[in-house]
Amino acid sequence: MTYIVKGSGLTIEDVVNVARNGEKVELHPDALERIIKCRAMLEKKIVAGEIMYGVNTGIGEFSEVVLNGDQVKDFQKYLVYNHAAGIGEAMPLEHVRGAMLGRINVHAHGNSGIRPIITRTLIEMLNKGVTPFVCEKGSVGACGDLAPMSQIALLMMGEGRAYFKGELYEGKEALEKAGIEIPGLFARDGLGTINGSNVLTAMSAIFIYDANRWLKQAEIGAAMSLEALKANMKPYTAKLHEVRGFKGAVRSAKAINKLVEGGDLKEQRVKCKVQDAYSMRSTPQVIGAAHDALAYARSQVEIELNGVGDNPIFFPDENLQLSGANFQGSPVSLPMDMAGAAITMISVLSERRMNRLNNPALSVGLPAFLTKGAGMFSGLMLSQYTADTLIVEQRILSAPASVQSIPAAADQEDFVSMGMNTALKNNQILDNAYGILGIEIMAATQALDFREYKFGKGVTKAKEIVRRHVEFLDIDRPLYDDHNKMKELVKSCEILEEVEKVVGDLG
Amino acid sequence: MKIHKISPKKLTFNSIFNILKNNYKIELSSESKNRITKCRRYLDDKMKSNEEPIYGINTGFGSLCNHTISKEELSLLQSNLVKSHACGIGDEVPCEIVKLMLLLKIQSLSYGHSGVQLCTVERLVDFFNNDILPVVYELGSLGASGDLAPLAHLSLPLLGLGEVYYNGEKNNAEEVYQKFNWKPVKLQSKEGLALLNGTQFMSAYGVYSLLKTFRLSQLADIISSVSLEAFDGRIEPFNDLVHQIRFHKGQIETAKRIRMLLKGSEIISQYKEHVQDPYSFRCIPQVHGASKDSVNYVAYVFSCEINAVTDNPTIFPDEDLIISGGNFHGQPLALALDNLAIAVAEWGNISERRTYQLLSGRRNLPPFLVANPGLNSGFMIPQYTAASIVNQNKQLCTPSSVDSIESSQGQEDHVSMGANSATKAYKVVQNLERILAIELFNAAQALEFRRPKKSSEFIEKFIKEYREKVNFIENDKIMHPEILKSIEFLKLFELNIPIALRDDI
């Protein structure tokens with residue numbers, strides 16, 4: 001399969017396929033035509049000596065400085081040099097690839113004024129696996145992701161560094177090895193490569209994809225704990241959620257019902273309480289709230305993936321160039337701060353269920369800390385501690401970045417989105433969430449091993465998968481290996497995929 | 001006298017706005033009455049025939065749910081419930097929000113899934129119509145099992161207990177009952193829970209804040225247009241083409257509105273020496289628009305909630321079912337309210353930056369907008385005030401929804417904390433009004449330095465009205481009253497420009 005870039009219709013799933021799974025990319029002929037047409041208009045204006053921001057003027061606070069013909073090409077070079085000002089660890093390859101795809105999709109509209117070879121080079125790099133080395137930190141998320149995008153743009157001049165087949169090379173060498181021609185940067189090419197929120201948008205797209213799959217596993221974890229805690233299953237009746245009207249809650253209740261279907265609890269063959277605690281009973285309302293928040297975030301991110309996040313922008317049909325601010329990351333950072341908080345919130349819920357499994361006062365007959373040798377053994381007592389510290393970190397990271405603007409560029413760039421900070425901290429929140437949920441699922445599996453009734457089909461499958469990786473804790477052993485395996489297992493989505501094969505799509 | 005009929009028909013923001021603004025009375029439609037009585041009758045029949053315990057109806061509450069209560073004690077159980085849950089504290093909830101709580105509670109009970117008596121709902125309607133407003137306190141709700149403490153305070157006067165405001169005075173409910181010759185409502189089984197379980201405290205704060213935000217979002221566009229003119233900014237970044245190719249609805253609408261507001265301005269169309277403006281001007285559509293999109297999302301969530309049954313347990317007479325679930329759980333609201341605070345804070349954040357730019361001495365404006373330099377500090381300090389408010393807003397943007405503290409012996413072990421999201425979102429909204437007033441104070445001053453050139457007809461009219469309240473500052477004077485007058489102006493200015501809302505709320 002090859003993904004055809006048209007400037008429209010790019011979904012989060014497409015981003016994941018290209019960025020993570022290495023799907024090939026091709027430019028639609030109409031898009032190429034639009035790019036050529038736009039460039040032709042720009043070149044006419046350059047020849048006519050028209051003054052255009054970022055083409056033949058300085059940028060930011062220097063936008064009043066006009067450059068002469070000789071200076072224009074050097075300017076592109078210096079522009080990319082002085083903006084390649086990031087710092088920190090190497091960004092994961094899939095984030096860089098996602099950003100490149102997003103940039104190509106922006107170009108495909110034919111409003112950027114770059115030369116077609118720039119877009120073509122980005123495509124070739126994606127297809128041949130040349131991925132620029134980009135530092136994670138340095139973007140304020142307005143004027144787009146200038147610093148990280150500049151590290152991509154360096155490659156256009158055969159500079160910077162890039163990964164190729166698992167090795168890090170000097171940019172020129174990486175391109176040579178892959179057989180990609182170096183296009184150089186002419187007027188407008190520099191800014192046209194870097195001026196957009198493509199990195200934070202790609203990161204957000206990938207985050208939403210993973211977060212949705214994590215949420216489904218949170219429903220699996222919840223269903224396992226519910227079965228282990230002999231839950232009253234009435235609160236998951238569809239009717240109850242329909243009268244409140246939230247789509248997410250309706251979806252979540254449906255998923256949980258699917259998971260416990262076929263078990264003794266659902267069939268009311270196990271005696272349960274009149275009413276359960278919130279961490280059990282409110283699961284659809286709470287996870288549903290996160291589904292709704294992610295759905296809103298998805299709609300904003302997909303708009304951004306398919307819009308022209310660039311500046312200045314050229315309109316060949318109107319023979320017009322306009323300097324605006326379509327690089328401003330706020331439309332993405334605002335919902336993404338909420339998306340991150342939503343994952344924290346669901347992690348809190350997961351930890352509370354884990355606490356119930358451990359606490360003999362709350363666990364309806366399960367042994368304290370899920371060990372039968374209490375006293376000599378402490379069972380999963382300390383697993384909860386681990387989950388708790390992960391949650392505290394998540395809570396700290398759930399303070400919004402989007403309200404943290406700091407004026408830059410001598411007050412010309414006096415309001416910025418800080419959406420990159422949102423994207424970075426969301427990834428840490430999700431990374432912790434894998435661990436927290438892994439610990440709940442491990443504890444739930446252990447608890448289910450003490451129960452002798454029949455579990456739902458989905459729950460039974462989930463338990464079986466966990467036991468492929470982590471053994472029953474009969475006598476105490478060091479727990480960190482189990483924790484790390486469980487974290488990786490949740491991250492891999494193996495449980496989710498196997499369970500969905502049995503019970504169908506969870507939403 | 002205008003009347004709003006309570007019925008299963010959707011309660012919209014528009015209708016709530018009208019009900020509050022024009023002091024509508026409310027009335028239960030016959031359909032709502034039928035639903036309420038049918039549900040109550042079902043419950044009474046069920047109680048006669050059923051021996052099994054039903055949560056909250058003939059059991060204790062919270063972690064005491066496994067204690068069964070005898071038939072004789074059921075009524076006492078309900079009034080005990082209301083009394084024991086009235087644990088609110090702190091500042092009193094503003095009267096207009098209490099009135100909204102009454103309206104929303106009545107709406108939620110009217111669907112006939114709660115099992116209340118008709119006379120109970122009718123007494124709430126009487127409270128609403130006679131402006132008998134229970135004293136409710138700001139602190140005490142965890143936002144799950146709904147807003148227990150505030151709703152207990154809202155319900156005490158049904159029993160002739162607690163305090164109410166009537167004719168602007170605080171009285172014991174008992175005294176008001178004497179005036180009206182009313183008897184306290186005798187609560188039947190389940191009724192206490194129906195009154196206390198629900199999200200009306202969070203919802204009322206949310207709806208009130210949203211209604212105010214809708215208005216402020218329009219004012220932010222108008223005031224930023226005044227600033228743009230005063231700063232001699234460029235109009236090109238507002239060109240529709242730029243926004244049509246990014247597709248965010250809020251952004252497109254904002255740019256469109258700014259173009260409309262500035263149509264016909266001499267200043268905006270004059271020659272500009274600079275090719276580009278700072279972000280706080282140039283990115284108005286992107287930033288204001290992002291907040292509008294978020295507010296739209298939040299409004300959708302609240303639109304669902306105020307038309308929903310958020311009680312527990314919930315009764316389905318047609319299906320012969322009584323289910324104890326968690327529809328009182330405020331998480332959908334908590335997340336939305338935290339997001340509302342962030343979105344609103346952003347309007348303030350960028351507004352303060354424009355105020356700051358207007359003082360910078362750039363673009364041929366005098367530093368600090370001083371008309372007569374030398375002895376005067378001019379507008380140096382109002383920006384400090386704005387900055388301090390912006391800082392407070394940032395503190396208030398730390399989300400409540402990611403916190404949860406286990407309660408009721410672990411039975412209520414995950415709560416939404418949405419009540420705190422609600423009161424802090426409300427504060428952020430109030431603060432935005434102050435920040436925008438300060439921007440207007442500055443921008444109007446700055447605009448005078450562009451004379452004799454004129455802005456658009458709309459802006460000139462806006463400024464003319466403003467000048468009836470607040471004069472151009474020639475020489476230093478006490479600024480505080482001027483800022484207050486500016487806030488007052490924003491509260492009262494009649495808005496006749498299109499709003500940018502989803503059409504399904």
# chains A, B, ... in the order shown; residues from 1 in each chain; ligands from 1
>>> select_by_dssp(residues="stretch 354-431 of chain A", states="strand (DSSP E or B)", output="count of residues only")
4
>>> residues_around(residues="A:Ala174", least_positions_apart="6", cutoff="12 Å", atoms="only C-alpha atoms", output="list of chain:residue names")
A:Met125, A:Lys128, A:Gly129, A:Val130, A:Thr131, A:Pro132, A:Phe133, A:Leu155, A:Met156, A:Gly158, A:Glu159, A:Gly160, A:Arg161, A:Ala162, A:Tyr163, A:Phe164, A:Lys165, A:Gly166, A:Glu167, A:Leu168, A:Ile180, A:Glu181, A:Ile182
>>> residues_around(residues="A:Cys143", least_positions_apart="4", cutoff="8 Å", atoms="only C-alpha atoms", output="number ranges by chain")
A: 195-197, 311, 325, 327-328
>>> write_last_selection(atoms="C-alpha atoms", output="compact mmCIF listing (two decimals), in the first residue's frame")
# COMPACT_ATOMS: atom_id res chain seq x y z
CA ASN A 195 7.12 27.39 9.25
CA GLY A 196 4.38 25.19 10.65
CA SER A 197 3.33 23.28 13.77
CA ASN A 311 3.44 31.58 6.60
CA ALA A 325 -0.29 33.28 11.50
CA PHE A 327 1.52 28.34 12.22
CA GLN A 328 0.07 29.25 15.64
>>> residues_around(residues="A:Pro183", least_positions_apart="4", cutoff="8 Å", atoms="only C-alpha atoms", output="VMD selection string")
chain A and resid 117 to 118 121 156 to 157
>>> write_last_selection(atoms="C-alpha atoms", output="compact mmCIF listing (two decimals), in the first residue's frame")
# COMPACT_ATOMS: atom_id res chain seq x y z
CA ILE A 117 11.97 19.45 -5.53
CA ILE A 118 11.78 20.33 -1.84
CA THR A 121 13.05 15.33 -1.45
CA MET A 156 17.91 20.04 2.09
CA MET A 157 21.39 21.58 1.99
>>> atom_distance(atom1="atom CA of B:Ser291", atom2="atom CA of A:Lys6")
28.9 Å
>>> select_by_dssp(residues="stretch 103-144 of chain A", states="alpha helix (DSSP H)", output="list in words")
Arg103, Ile104, Asn105, Val106, His107, Pro116, Ile117, Ile118, Thr119, Arg120, Thr121, Leu122, Ile123, Glu124, Met125, Leu126, Asn127 and Lys128 of chain A
>>> closest_residue(among="B:Gln286, B:Thr120, B:Thr37, B:Asn239", to="A:Gly329", atoms="only C-alpha atoms")
B:Gln286
>>> residues_around(residues="stretch 75-92 of chain B", least_positions_apart="6", cutoff="8 Å", atoms="only C-alpha atoms", output="number ranges by chain")
B: 135-141, 148-153, 155-156, 159, 186-193, 196
>>> write_last_selection(atoms="C-alpha atoms", output="compact mmCIF listing (two decimals), in the first residue's frame")
# COMPACT_ATOMS: atom_id res chain seq x y z
CA VAL B 135 -28.37 29.75 50.83
CA VAL B 136 -25.80 27.39 49.28
CA TYR B 137 -22.07 27.34 49.99
CA GLU B 138 -19.20 27.16 47.53
CA LEU B 139 -17.10 24.47 49.19
CA GLY B 140 -17.94 20.89 49.98
CA SER B 141 -18.78 19.03 46.78
CA LEU B 148 -24.20 16.31 47.56
CA ALA B 149 -23.50 19.14 50.00
CA PRO B 150 -24.63 22.07 47.84
CA LEU B 151 -27.75 20.21 46.74
CA ALA B 152 -28.54 19.38 50.37
CA HIS B 153 -28.46 23.11 51.11
CA SER B 155 -33.12 21.10 49.40
CA LEU B 156 -33.25 22.01 53.11
CA LEU B 159 -38.35 20.67 54.62
CA LYS B 186 -42.92 15.36 53.61
CA LEU B 187 -40.28 13.51 51.65
CA GLN B 188 -41.17 9.98 50.60
CA SER B 189 -38.80 7.10 49.93
CA LYS B 190 -35.95 7.87 47.46
CA GLU B 191 -36.77 11.58 47.29
CA GLY B 192 -33.84 12.77 49.36
CA LEU B 193 -31.46 10.98 47.05
CA LEU B 196 -29.08 15.35 46.36
>>> atom_distance(atom1="atom CA of A:Ser492", atom2="atom CA of A:Thr11")
21.5 Å
>>> atom_distance(atom1="atom CA of B:Glu266", atom2="atom CA of B:Val226")
12.9 Å
>>> residues_around(residues="B:Asp131", least_positions_apart="6", cutoff="9 Å", atoms="only C-alpha atoms", output="CSV table (one decimal) with C-alpha atoms, in the first residue's frame")
chain,number,residue,atom,x,y,z
B,99,LYS,CA,-31.5,30.2,40.7
B,165,TYR,CA,-32.8,34.8,50.4
B,166,TYR,CA,-36.2,36.4,49.9
B,167,ASN,CA,-36.7,40.0,48.7
>>> residues_around(residues="A:Val15", least_positions_apart="3", cutoff="9 Å", atoms="only C-alpha atoms", output="list of chain:residue names")
A:Leu10, A:Thr11, A:Ile12, A:Val18, A:Ala19, A:Arg20, A:Arg97, A:Gly98, A:Leu101, A:Gly102, A:Ala202, A:Ala205, A:Ile206
>>> closest_atom_pairs(of="stretch 62-114 of chain B", to="stretch 299-306 of chain B", cutoff="9 Å", atoms="only C-alpha atoms", output="Markdown table")
| residue | atom | partner | partner_atom | distance |
| --- | --- | --- | --- | --- |
| B:Leu104 | CA | B:Ile306 | CA | 6.3 |
| B:Lys105 | CA | B:Ile306 | CA | 8.8 |
| B:Gln107 | CA | B:Ile306 | CA | 7.6 |
| B:Ser108 | CA | B:Ile306 | CA | 7.2 |
